[in-house]
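What follows is the content of protein-v6.pdb (PDB, C-alpha atoms, pLDDT in the B column).
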```pdb
ATOM      1  CA  MET Y  54      26.267   9.625  -5.855  1.00 29.00           C
ATOM      2  CA  HIS Y  55      23.265   7.662  -4.593  1.00 31.00           C
ATOM      3  CA  THR Y  56      19.905   9.092  -5.597  1.00 33.00           C
ATOM      4  CA  THR Y  57      16.434   8.020  -4.589  1.00 32.00           C
ATOM      5  CA  PRO Y  58      14.778   6.169  -7.438  1.00 42.00           C
ATOM      6  CA  PRO Y  59      11.703   7.892  -8.877  1.00 49.00           C
ATOM      7  CA  SER Y  60       8.316   6.746  -7.672  1.00 76.00           C
ATOM      8  CA  LEU Y  61       6.625   3.840  -9.337  1.00 78.00           C
ATOM      9  CA  LEU Y  62       4.016   6.085 -10.947  1.00 79.00           C
ATOM     10  CA  GLU Y  63       6.722   8.200 -12.533  1.00 80.00           C
ATOM     11  CA  ARG Y  64       8.566   5.125 -13.826  1.00 80.00           C
ATOM     12  CA  LEU Y  65       5.362   3.851 -15.462  1.00 81.00           C
ATOM     13  CA  ARG Y  66       5.319   6.903 -17.708  1.00 80.00           C
ATOM     14  CA  ARG Y  67       8.658   6.047 -19.298  1.00 80.00           C
ATOM     15  CA  PRO Y  68       8.882   3.777 -22.336  1.00 78.00           C
ATOM     16  CA  GLY Y  69      10.550   0.421 -21.729  1.00 81.00           C
ATOM     17  CA  GLU Y  70      10.020   0.368 -17.961  1.00 79.00           C
ATOM     18  CA  ASP Y  71       9.050  -3.295 -17.851  1.00 85.00           C
ATOM     19  CA  PRO Y  72      10.267  -3.780 -14.251  1.00 84.00           C
ATOM     20  CA  ALA Y  73       8.056  -0.917 -13.090  1.00 83.00           C
ATOM     21  CA  TRP Y  74       5.050  -2.371 -14.890  1.00 86.00           C
ATOM     22  CA  GLU Y  75       5.798  -5.821 -13.484  1.00 87.00           C
ATOM     23  CA  ARG Y  76       5.885  -4.367  -9.977  1.00 85.00           C
ATOM     24  CA  PHE Y  77       2.690  -2.374 -10.552  1.00 86.00           C
ATOM     25  CA  VAL Y  78       0.866  -5.447 -11.866  1.00 88.00           C
ATOM     26  CA  LEU Y  79       2.068  -7.539  -8.915  1.00 86.00           C
ATOM     27  CA  LEU Y  80       0.831  -4.870  -6.495  1.00 86.00           C
ATOM     28  CA  TYR Y  81      -2.579  -4.280  -8.001  1.00 87.00           C
ATOM     29  CA  THR Y  82      -3.747  -7.511  -9.670  1.00 88.00           C
ATOM     30  CA  PRO Y  83      -5.022  -9.201  -6.487  1.00 86.00           C
ATOM     31  CA  PHE Y  84      -6.723  -6.019  -5.350  1.00 84.00           C
ATOM     32  CA  ILE Y  85      -8.526  -5.341  -8.634  1.00 87.00           C
ATOM     33  CA  PHE Y  86      -9.482  -9.007  -8.956  1.00 88.00           C
ATOM     34  CA  SER Y  87     -10.912  -9.178  -5.429  1.00 83.00           C
ATOM     35  CA  LEU Y  88     -12.889  -5.978  -5.955  1.00 82.00           C
ATOM     36  CA  ALA Y  89     -14.426  -7.335  -9.159  1.00 83.00           C
ATOM     37  CA  ARG Y  90     -15.344 -10.516  -7.292  1.00 84.00           C
ATOM     38  CA  LYS Y  91     -16.923  -8.490  -4.468  1.00 81.00           C
ATOM     39  CA  PHE Y  92     -19.158  -6.857  -7.039  1.00 80.00           C
ATOM     40  CA  GLY Y  93     -20.371 -10.287  -8.132  1.00 79.00           C
ATOM     41  CA  LEU Y  94     -18.308 -11.038 -11.228  1.00 80.00           C
ATOM     42  CA  ASP Y  95     -17.243 -14.646 -11.657  1.00 83.00           C
ATOM     43  CA  ARG Y  96     -13.535 -15.545 -11.796  1.00 89.00           C
ATOM     44  CA  GLU Y  97     -13.366 -15.309 -15.594  1.00 89.00           C
ATOM     45  CA  ALA Y  98     -15.090 -11.919 -15.743  1.00 86.00           C
ATOM     46  CA  ALA Y  99     -12.958 -10.617 -12.856  1.00 87.00           C
ATOM     47  CA  ALA Y 100      -9.782 -11.747 -14.636  1.00 90.00           C
ATOM     48  CA  ASP Y 101     -10.967  -9.963 -17.777  1.00 90.00           C
ATOM     49  CA  VAL Y 102     -11.545  -6.784 -15.763  1.00 89.00           C
ATOM     50  CA  VAL Y 103      -7.990  -6.986 -14.410  1.00 91.00           C
ATOM     51  CA  GLN Y 104      -6.619  -7.368 -17.929  1.00 92.00           C
ATOM     52  CA  ASP Y 105      -8.804  -4.550 -19.287  1.00 91.00           C
ATOM     53  CA  VAL Y 106      -7.733  -2.217 -16.481  1.00 91.00           C
ATOM     54  CA  PHE Y 107      -4.034  -2.818 -17.148  1.00 91.00           C
ATOM     55  CA  VAL Y 108      -4.453  -2.369 -20.910  1.00 90.00           C
ATOM     56  CA  LEU Y 109      -6.197   0.938 -20.278  1.00 90.00           C
ATOM     57  CA  LEU Y 110      -3.597   2.010 -17.705  1.00 88.00           C
ATOM     58  CA  ALA Y 111      -0.766   1.206 -20.121  1.00 86.00           C
ATOM     59  CA  LYS Y 112      -2.290   3.742 -22.495  1.00 86.00           C
ATOM     60  CA  LYS Y 113      -3.182   6.355 -19.889  1.00 84.00           C
ATOM     61  CA  MET Y 114      -0.032   6.264 -17.759  1.00 82.00           C
ATOM     62  CA  VAL Y 115       2.112   7.698 -20.557  1.00 79.00           C
ATOM     63  CA  ASP Y 116       0.313  11.029 -20.113  1.00 81.00           C
ATOM     64  CA  PHE Y 117      -0.472  10.632 -16.415  1.00 77.00           C
ATOM     65  CA  GLN Y 118       0.758  13.504 -14.262  1.00 76.00           C
ATOM     66  CA  TYR Y 119       0.822  12.649 -10.590  1.00 70.00           C
ATOM     67  CA  ASP Y 120      -0.577  15.467  -8.489  1.00 70.00           C
ATOM     68  CA  PRO Y 121       0.151  15.065  -4.768  1.00 69.00           C
ATOM     69  CA  GLU Y 122      -2.991  17.098  -4.083  1.00 73.00           C
ATOM     70  CA  GLN Y 123      -5.106  14.468  -5.876  1.00 72.00           C
ATOM     71  CA  SER Y 124      -5.687  10.848  -4.925  1.00 73.00           C
ATOM     72  CA  PHE Y 125      -4.249   8.184  -7.206  1.00 76.00           C
ATOM     73  CA  ARG Y 126      -6.477   5.706  -5.372  1.00 76.00           C
ATOM     74  CA  ALA Y 127      -9.621   7.668  -6.291  1.00 75.00           C
ATOM     75  CA  TRP Y 128      -8.585   7.899  -9.931  1.00 79.00           C
ATOM     76  CA  LEU Y 129      -7.791   4.185 -10.058  1.00 81.00           C
ATOM     77  CA  ARG Y 130     -11.071   3.388  -8.297  1.00 80.00           C
ATOM     78  CA  THR Y 131     -12.968   5.207 -11.027  1.00 82.00           C
ATOM     79  CA  VAL Y 132     -11.095   3.315 -13.755  1.00 85.00           C
ATOM     80  CA  VAL Y 133     -11.706  -0.055 -12.080  1.00 86.00           C
ATOM     81  CA  LEU Y 134     -15.374   0.586 -11.297  1.00 84.00           C
ATOM     82  CA  ASN Y 135     -16.044   1.675 -14.860  1.00 84.00           C
ATOM     83  CA  ARG Y 136     -14.427  -1.524 -16.177  1.00 87.00           C
ATOM     84  CA  ILE Y 137     -16.436  -3.634 -13.733  1.00 84.00           C
ATOM     85  CA  TYR Y 138     -19.636  -1.928 -14.847  1.00 82.00           C
ATOM     86  CA  GLU Y 139     -18.775  -2.335 -18.548  1.00 82.00           C
ATOM     87  CA  SER Y 140     -17.936  -6.004 -18.048  1.00 77.00           C
ATOM     88  CA  ALA Y 141     -21.201  -6.648 -16.221  1.00 71.00           C
ATOM     89  CA  ARG Y 142     -23.191  -4.820 -18.902  1.00 74.00           C
ATOM     90  CA  HIS Y 143     -21.418  -6.689 -21.708  1.00 69.00           C
ATOM     91  CA  ARG Y 144     -21.996 -10.052 -20.018  1.00 63.00           C
ATOM     92  CA  ARG Y 145     -25.500  -9.087 -18.937  1.00 64.00           C
ATOM     93  CA  ILE Y 146     -24.622  -9.678 -15.308  1.00 60.00           C
ATOM     94  CA  THR Y 147     -26.419  -7.902 -12.501  1.00 57.00           C
ATOM     95  CA  LEU Y 148     -23.836  -6.586 -10.115  1.00 55.00           C
ATOM     96  CA  LEU Y 149     -24.349  -7.143  -6.427  1.00 53.00           C
ATOM     97  CA  THR Y 150     -24.706  -3.394  -6.065  1.00 52.00           C
ATOM     98  CA  GLY Y 151     -26.786  -2.839  -9.188  1.00 49.00           C
ATOM     99  CA  GLY Y 152     -26.950   0.478 -10.954  1.00 49.00           C
ATOM    100  CA  ASP Y 153     -24.544   2.597 -12.888  1.00 50.00           C
ATOM    101  CA  PRO Y 154     -21.027   3.628 -11.820  1.00 49.00           C
ATOM    102  CA  ILE Y 155     -22.286   6.670  -9.914  1.00 41.00           C
ATOM    103  CA  GLU Y 156     -24.717   4.530  -7.936  1.00 49.00           C
ATOM    104  CA  ILE Y 157     -22.058   1.872  -7.448  1.00 46.00           C
ATOM    105  CA  GLU Y 158     -19.663   4.372  -5.913  1.00 47.00           C
ATOM    106  CA  GLN Y 159     -22.284   5.440  -3.408  1.00 43.00           C
ATOM    107  CA  ARG Y 160     -22.965   1.916  -2.164  1.00 49.00           C
ATOM    108  CA  ASP Y 161     -21.403   0.290   0.875  1.00 47.00           C
ATOM    109  CA  VAL Y 162     -19.709  -2.381  -1.242  1.00 47.00           C
ATOM    110  CA  VAL Y 163     -17.193   0.274  -2.287  1.00 49.00           C
ATOM    111  CA  ALA Y 164     -15.871  -0.006   1.264  1.00 49.00           C
ATOM    112  CA  ALA Y 165     -13.322  -2.331  -0.374  1.00 48.00           C
ATOM    113  CA  PHE Y 166     -11.675   0.803  -1.678  1.00 50.00           C
ATOM    114  CA  GLU Y 167     -11.757   2.676   1.590  1.00 60.00           C
ATOM    115  CA  GLU Y 168      -8.437   4.151   2.524  1.00 64.00           C
ATOM    116  CA  ALA Y 169      -7.534   1.744   5.330  1.00 65.00           C
ATOM    117  CA  GLU Y 170      -8.190  -1.404   3.314  1.00 69.00           C
ATOM    118  CA  TYR Y 171      -6.449   0.019   0.261  1.00 72.00           C
ATOM    119  CA  ARG Y 172      -3.365   0.976   2.287  1.00 74.00           C
ATOM    120  CA  ASP Y 173      -3.253  -2.373   4.052  1.00 76.00           C
ATOM    121  CA  HIS Y 174      -3.536  -4.300   0.812  1.00 75.00           C
ATOM    122  CA  ILE Y 175      -0.969  -2.309  -1.156  1.00 78.00           C
ATOM    123  CA  THR Y 176       1.489  -2.213   1.746  1.00 80.00           C
ATOM    124  CA  ALA Y 177       1.176  -5.950   2.359  1.00 79.00           C
ATOM    125  CA  ARG Y 178       1.664  -6.709  -1.348  1.00 81.00           C
ATOM    126  CA  ALA Y 179       4.677  -4.390  -1.513  1.00 82.00           C
ATOM    127  CA  PHE Y 180       6.208  -6.105   1.525  1.00 80.00           C
ATOM    128  CA  GLU Y 181       5.594  -9.494  -0.068  1.00 82.00           C
ATOM    129  CA  ILE Y 182       7.166  -8.443  -3.379  1.00 82.00           C
ATOM    130  CA  MET Y 183      10.117  -6.643  -1.783  1.00 83.00           C
ATOM    131  CA  GLN Y 184      11.066  -9.507   0.518  1.00 86.00           C
ATOM    132  CA  ARG Y 185      13.274 -11.160  -2.086  1.00 85.00           C
ATOM    133  CA  GLU Y 186      15.245  -7.918  -2.526  1.00 87.00           C
ATOM    134  CA  PHE Y 187      16.724  -8.080   0.980  1.00 90.00           C
ATOM    135  CA  HIS Y 188      19.049 -10.464   2.739  1.00 92.00           C
ATOM    136  CA  PRO Y 189      16.883 -12.888   4.748  1.00 91.00           C
ATOM    137  CA  THR Y 190      18.323 -11.706   8.080  1.00 93.00           C
ATOM    138  CA  THR Y 191      17.673  -8.048   7.237  1.00 93.00           C
ATOM    139  CA  TRP Y 192      14.133  -8.901   6.219  1.00 89.00           C
ATOM    140  CA  LYS Y 193      13.453 -11.028   9.295  1.00 91.00           C
ATOM    141  CA  ALA Y 194      14.817  -8.362  11.645  1.00 93.00           C
ATOM    142  CA  CYS Y 195      12.493  -5.756  10.157  1.00 90.00           C
ATOM    143  CA  TRP Y 196       9.516  -8.102  10.048  1.00 87.00           C
ATOM    144  CA  GLU Y 197       9.940  -9.273  13.635  1.00 89.00           C
ATOM    145  CA  LEU Y 198      10.355  -5.734  14.937  1.00 87.00           C
ATOM    146  CA  ILE Y 199       7.329  -4.358  13.074  1.00 85.00           C
ATOM    147  CA  MET Y 200       4.912  -7.274  13.030  1.00 82.00           C
ATOM    148  CA  THR Y 201       5.422  -8.898  16.418  1.00 84.00           C
ATOM    149  CA  ASP Y 202       5.506  -7.624  19.959  1.00 79.00           C
ATOM    150  CA  LYS Y 203       9.190  -8.447  20.237  1.00 88.00           C
ATOM    151  CA  SER Y 204      11.624  -5.785  21.343  1.00 91.00           C
ATOM    152  CA  ALA Y 205      14.743  -4.931  19.381  1.00 91.00           C
ATOM    153  CA  ALA Y 206      16.768  -6.725  22.055  1.00 94.00           C
ATOM    154  CA  GLU Y 207      14.712  -9.921  21.610  1.00 93.00           C
ATOM    155  CA  VAL Y 208      14.989  -9.799  17.826  1.00 92.00           C
ATOM    156  CA  ALA Y 209      18.734  -9.107  18.037  1.00 93.00           C
ATOM    157  CA  LYS Y 210      19.288 -12.049  20.355  1.00 94.00           C
ATOM    158  CA  GLU Y 211      17.181 -14.368  18.180  1.00 93.00           C
ATOM    159  CA  LEU Y 212      19.039 -13.407  14.985  1.00 93.00           C
ATOM    160  CA  GLY Y 213      22.527 -13.007  16.453  1.00 94.00           C
ATOM    161  CA  MET Y 214      22.630  -9.279  15.702  1.00 93.00           C
ATOM    162  CA  THR Y 215      23.125  -6.130  17.715  1.00 92.00           C
ATOM    163  CA  GLU Y 216      20.122  -3.986  18.576  1.00 90.00           C
ATOM    164  CA  GLY Y 217      21.563  -1.268  16.378  1.00 92.00           C
ATOM    165  CA  ALA Y 218      21.749  -3.658  13.428  1.00 93.00           C
ATOM    166  CA  VAL Y 219      18.085  -4.569  13.969  1.00 91.00           C
ATOM    167  CA  TYR Y 220      17.098  -0.898  13.826  1.00 90.00           C
ATOM    168  CA  VAL Y 221      19.256  -0.335  10.748  1.00 92.00           C
ATOM    169  CA  ALA Y 222      17.598  -3.320   9.031  1.00 92.00           C
ATOM    170  CA  LYS Y 223      14.154  -1.945   9.852  1.00 90.00           C
ATOM    171  CA  CYS Y 224      15.104   1.505   8.550  1.00 90.00           C
ATOM    172  CA  ARG Y 225      16.468   0.082   5.281  1.00 91.00           C
ATOM    173  CA  VAL Y 226      13.329  -1.949   4.572  1.00 89.00           C
ATOM    174  CA  VAL Y 227      10.911   0.807   5.602  1.00 88.00           C
ATOM    175  CA  ARG Y 228      12.817   3.432   3.590  1.00 88.00           C
ATOM    176  CA  ARG Y 229      12.657   1.161   0.535  1.00 86.00           C
ATOM    177  CA  LEU Y 230       8.948   0.566   1.147  1.00 84.00           C
ATOM    178  CA  ARG Y 231       8.276   4.301   1.326  1.00 83.00           C
ATOM    179  CA  THR Y 232      10.159   4.856  -1.919  1.00 81.00           C
ATOM    180  CA  GLU Y 233       8.262   2.024  -3.591  1.00 78.00           C
ATOM    181  CA  LEU Y 234       4.870   3.297  -2.470  1.00 77.00           C
ATOM    182  CA  LYS Y 235       5.478   7.002  -3.027  1.00 75.00           C
ATOM    183  CA  GLY Y 236       2.439   8.388  -4.786  1.00 67.00           C
ATOM    184  CA  LEU Y 237       0.405   5.211  -4.361  1.00 69.00           C
ATOM    185  CA  LEU Y 238      -0.754   5.852  -0.804  1.00 63.00           C
TER     186      LEU Y 238
END
```

Just give me the structure as C-alpha cells.
Amino acid sequence: MHTTPPSLLERLRRPGEDPAWERFVLLYTPFIFSLARKFGLDREAAADVVQDVFVLLAKKMVDFQYDPEQSFRAWLRTVVLNRIYESARHRRITLLTGGDPIEIEQRDVVAAFEEAEYRDHITARAFEIMQREFHPTTWKACWELIMTDKSAAEVAKELGMTEGAVYVAKCRVVRRLRTELKGLL
C-alpha cells in the first residue's frame, strides 16, 4: 500500500529524521541568510543568524504542533527577526530598519517575508532540491511545460515522449512538490 509521506514539518518533530532536517536546512538557509543581509548584517553575522535559527528550531520543532489555521511563515518570521535583532544588539550593529523587533516588523524591509516572495523562494528551492529525485526526462518534461510557453505537444516532440507522458511527468513532479511543501506554504 502506497501512502503519502507526512509533511516536512511533521517529520521534523520525530527523533532521528536527519533527511527531513537536511531538506529543511536546504530550503531555508538561503532565505534566512538573505533576509539577515537585507537587514544590514554582514556575511559573518548573517551566517551566525542562520545557525542560531536552526539551533533554536531543532529545540522547538520537537514540540511544534502545526495548525493549518496558523501561518508557519509568520511564526518562522518572528523567530528569524528576533535572532536578527539579537545578533545586531550583541554585535552593536544598527540594523537598516533600526528599532526593536516590533518596529522592524512594521517596516517596509519586511517585504522580504511577504507571501509572494516567500512562496516563490521556497518553491524554487524545493524544485532545485527535488530535481535529482526524478529521471532527467521526467524533470525536463515538467519544467518545460510549467516554466516555458511550450505546449505539451512541443515538449513531447522535443523529448521523444507522448503528450500523455508529458502530462504524467508534470503531475508526478507537482504532486511530489505539494507533498514536500505541505504546511510550509

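Of the residues listed (Y:Arg67, Y:Arg126, Y:Val133, Y:Val221), Y:Val221 shows the shortest atom-to-atom separation from Leu198 of chain Y; distances use only C-alpha atoms.
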
* Starting from the displayed file, determine the output of the PyMOL selection byres ((chain Y and resi 206) around 12) and express the residue list as a VMD selection string. => chain Y and resid 194 197 to 198 202 to 205 207 to 220

* Using only C-alpha atoms, find the one residue out of Y:Glu97, Y:Glu186, Y:Glu63, Y:Glu181 that sits nearest to Met114 of chain Y. =>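 Closest to Met114 of chain Y, using only C-alpha atoms: Y:Glu63.
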
(message) List as number ranges by chain the protein and nucleic acid residues near Arg178 of chain Y, meaning an atom at most 9 Å away when all atoms listed in the file are counted, but skip any in the same chain fewer than 5 places from it.
(response) Y: 79-81, 83, 173, 183

Extract, using all atoms listed in the file, all DNA, RNA and protein residues at most 9 Å from Val106 of chain Y, discarding same-chain residues fewer than 4 positions from it, and format them as a compact mmCIF listing (two decimals) with C-alpha atoms, keeping the file's coordinate frame.
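Saved to selection_38.txt:
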```
# COMPACT_ATOMS: atom_id res chain seq x y z
CA ILE Y 85 -8.53 -5.34 -8.63
CA ASP Y 101 -10.97 -9.96 -17.78
CA VAL Y 102 -11.54 -6.78 -15.76
CA LEU Y 110 -3.60 2.01 -17.70
CA ALA Y 111 -0.77 1.21 -20.12
CA VAL Y 132 -11.10 3.32 -13.76
CA VAL Y 133 -11.71 -0.06 -12.08
CA ARG Y 136 -14.43 -1.52 -16.18
```

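Here atom CA of Lys91 of chain Y and atom CA of Glu139 of chain Y stand 15.5 Å from one another.
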
What does the distance between atom CA of His174 of chain Y and atom CA of Thr232 of chain Y come to in Å, to one decimal place?
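If I compute the distance from atom CA of His174 of chain Y to atom CA of Thr232 of chain Y, I get 16.7 Å.
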
**Asked** Pick the closest to Ala98 of chain Y from Y:Thr191, Y:Gln118, Y:Thr131, Y:Ser140: which is it, counting only C-alpha atoms?
**Response**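 Among the listed residues, the smallest separation from Ala98 of chain Y belongs to Y:Ser140.
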